[in-house]
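A.B. asks: First, the structure itself, so that you have it in front of you.
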Amino acid sequence: MARRMIRAPLGIPGAFGFALGARRPMEKCMALTTRELPRSDWQAYFDDFSRDLDRLSATVEVAGRDVGAQVEAERLILTGITYDHKDDIVVIGLDAEGGLTGELEHIIYQPQKIYVASGEDGMTAMDVEDAEGHQTLVRLEPAG
């Protein structure tokens, strides 16, 4: 059976769909502007994004046939996102709110495609597909 992707937003505004079979609640979503980042732009895009980073709350979810749909981190403060072309990895840095020392790095090995969606409400989502068919969804919103 071929793996089919849903590109319609699910979850909250600014979110992407996961592979068919993942069970997620559907909500009404606002209009999104979605684009695929060319691989040649990944490092510069994430360097610029992280350099000009406002205080953002991030939720990181991973989905795949072998792992199901899992929440890796929920509403943590985004400290940065980088792409290392030598190791071919995307690293998402997160920290607990309130100055607690609970840093987390989520690493995506061998990313194949990266999509970025922005909503009119300031929400942003990034969808990273890796070589094993996993999708990592990073939902960003202004931190309260």
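Residue numbering restarts at 1 in every chain; chains get A, B, ... in the order shown in the structure tokens, and ligands count up from 1 in that same order.
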Between range 110-137 of chain A and range 91-95 of chain A, at 12 Å or less, what are the per-residue closest atom pairs and their distances in Å? Count only C-alpha atoms, order by chain and rising residue number, and return it as JSON lines.

C.D. replies:
{"residue": "A:Gln110", "atom": "CA", "partner": "A:Val91", "partner_atom": "CA", "distance": 11.3}
{"residue": "A:Pro111", "atom": "CA", "partner": "A:Val91", "partner_atom": "CA", "distance": 10.7}
{"residue": "A:Met126", "atom": "CA", "partner": "A:Ile92", "partner_atom": "CA", "distance": 11.0}
{"residue": "A:Val128", "atom": "CA", "partner": "A:Val91", "partner_atom": "CA", "distance": 11.1}
{"residue": "A:Thr136", "atom": "CA", "partner": "A:Ile92", "partner_atom": "CA", "distance": 10.5}
{"residue": "A:Leu137", "atom": "CA", "partner": "A:Ile92", "partner_atom": "CA", "distance": 11.1}

A.B. asks: Would you mind exporting N, CA and C atoms of the selected residues as a compact mmCIF listing (two decimals), in the first residue's frame?

C.D. replies:
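That gives us again.txt:
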# COMPACT_ATOMS: atom_id res chain seq x y z
N GLN A 110 18.44 12.77 8.44
CA GLN A 110 18.22 12.66 7.00
C GLN A 110 16.87 13.25 6.55
N PRO A 111 16.66 14.54 6.81
CA PRO A 111 15.42 15.16 6.32
C PRO A 111 15.38 15.13 4.80
N MET A 126 5.91 23.92 10.80
CA MET A 126 6.94 23.34 9.94
C MET A 126 6.73 21.83 9.94
N VAL A 128 8.55 18.40 8.65
CA VAL A 128 9.80 17.84 8.16
C VAL A 128 9.60 16.35 7.94
N THR A 136 7.74 15.09 11.21
CA THR A 136 7.83 15.87 12.44
C THR A 136 7.12 17.19 12.18
N LEU A 137 6.13 17.46 12.98
CA LEU A 137 5.35 18.69 12.89
C LEU A 137 5.75 19.59 14.04

A.B. asks: Quick one: residues within 10 Å of range 85-87 of chain A, only C-alpha atoms counted, chain neighbours fewer than 4 positions away excluded, as a list in words?

C.D. replies: Arg39, Ser40, Trp42, Gln43, Tyr109 and Gln110 of chain A

A.B. asks: I'd like the neighbourhood of Ala63 in chain A as an mmCIF file with C-alpha atoms, in the first residue's frame, where a residue qualifies if any of its atoms comes within 7 Å (using only C-alpha atoms), though same-chain residues fewer than 4 positions away should be ignored.

C.D. replies:
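Contents of result_24.cif, as written:
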data_model
loop_
_atom_site.group_PDB
_atom_site.id
_atom_site.type_symbol
_atom_site.label_atom_id
_atom_site.label_comp_id
_atom_site.auth_asym_id
_atom_site.auth_seq_id
_atom_site.Cartn_x
_atom_site.Cartn_y
_atom_site.Cartn_z
ATOM 1 C CA PHE A 18 -0.002 13.415 9.038
ATOM 2 C CA VAL A 67 5.696 4.945 15.797
ATOM 3 C CA GLY A 68 2.093 6.116 15.429
ATOM 4 C CA ALA A 69 1.390 9.757 16.291
ATOM 5 C CA GLN A 70 3.190 11.044 19.383
ATOM 6 C CA HIS A 134 8.400 9.934 9.661
ATOM 7 C CA GLN A 135 6.881 13.379 9.768
ATOM 8 C CA THR A 136 7.828 15.869 12.442
#

A.B. asks: One number please: CA of Asp54 in chain A to CA of Asp84 in chain A, in Å, one decimal.

C.D. replies: 22.0 Å

A.B. asks: Sort by chain and increasing residue number a table of all residues of range 77-138 of chain A within 6 Å of range 35-38 of chain A, each with its closest pair of atoms and their distance in Å to one decimal, counting only C-alpha atoms, and write it as CSV.

C.D. replies:
residue,atom,partner,partner_atom,distance
A:Ile114,CA,A:Leu37,CA,5.6
A:Tyr115,CA,A:Glu36,CA,4.3
A:Val116,CA,A:Arg35,CA,5.5

A.B. asks: Have a look at A:Leu53, A:Ala44, A:Glu105, A:Ala125 and name the one nearest to Val138 in chain A; count only C-alpha atoms.

C.D. replies: A:Ala125

A.B. asks: Counting only C-alpha atoms, figure out which residue out of A:Lys113, A:Arg55, A:His106, A:Arg139 gets nearest to Thr79 in chain A.

C.D. replies: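 Of A:Lys113, A:Arg55, A:His106, A:Arg139, the one nearest Thr79 in chain A is A:Arg55, counting only C-alpha atoms.
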
A.B. asks: Return the single residue from A:Ala58, A:Ala117, A:Ile108, A:Leu140 that is closest to Asp88 in chain A, with distances computed using only C-alpha atoms.

C.D. replies: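 The shortest atom-to-atom distance to Asp88 in chain A comes from A:Ile108.
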
A.B. asks: Between CA of Glu74 in chain A and CA of Ser57 in chain A, measure the distance and give it in Å to one decimal.

C.D. replies: 8.3 Å

A.B. asks: When you draw a straight line from CA of Ile81 in chain A to CA of Glu103 in chain A, how long is it in Å?

C.D. replies: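 Going from CA of Ile81 in chain A over to CA of Glu103 in chain A covers 13.5 Å.
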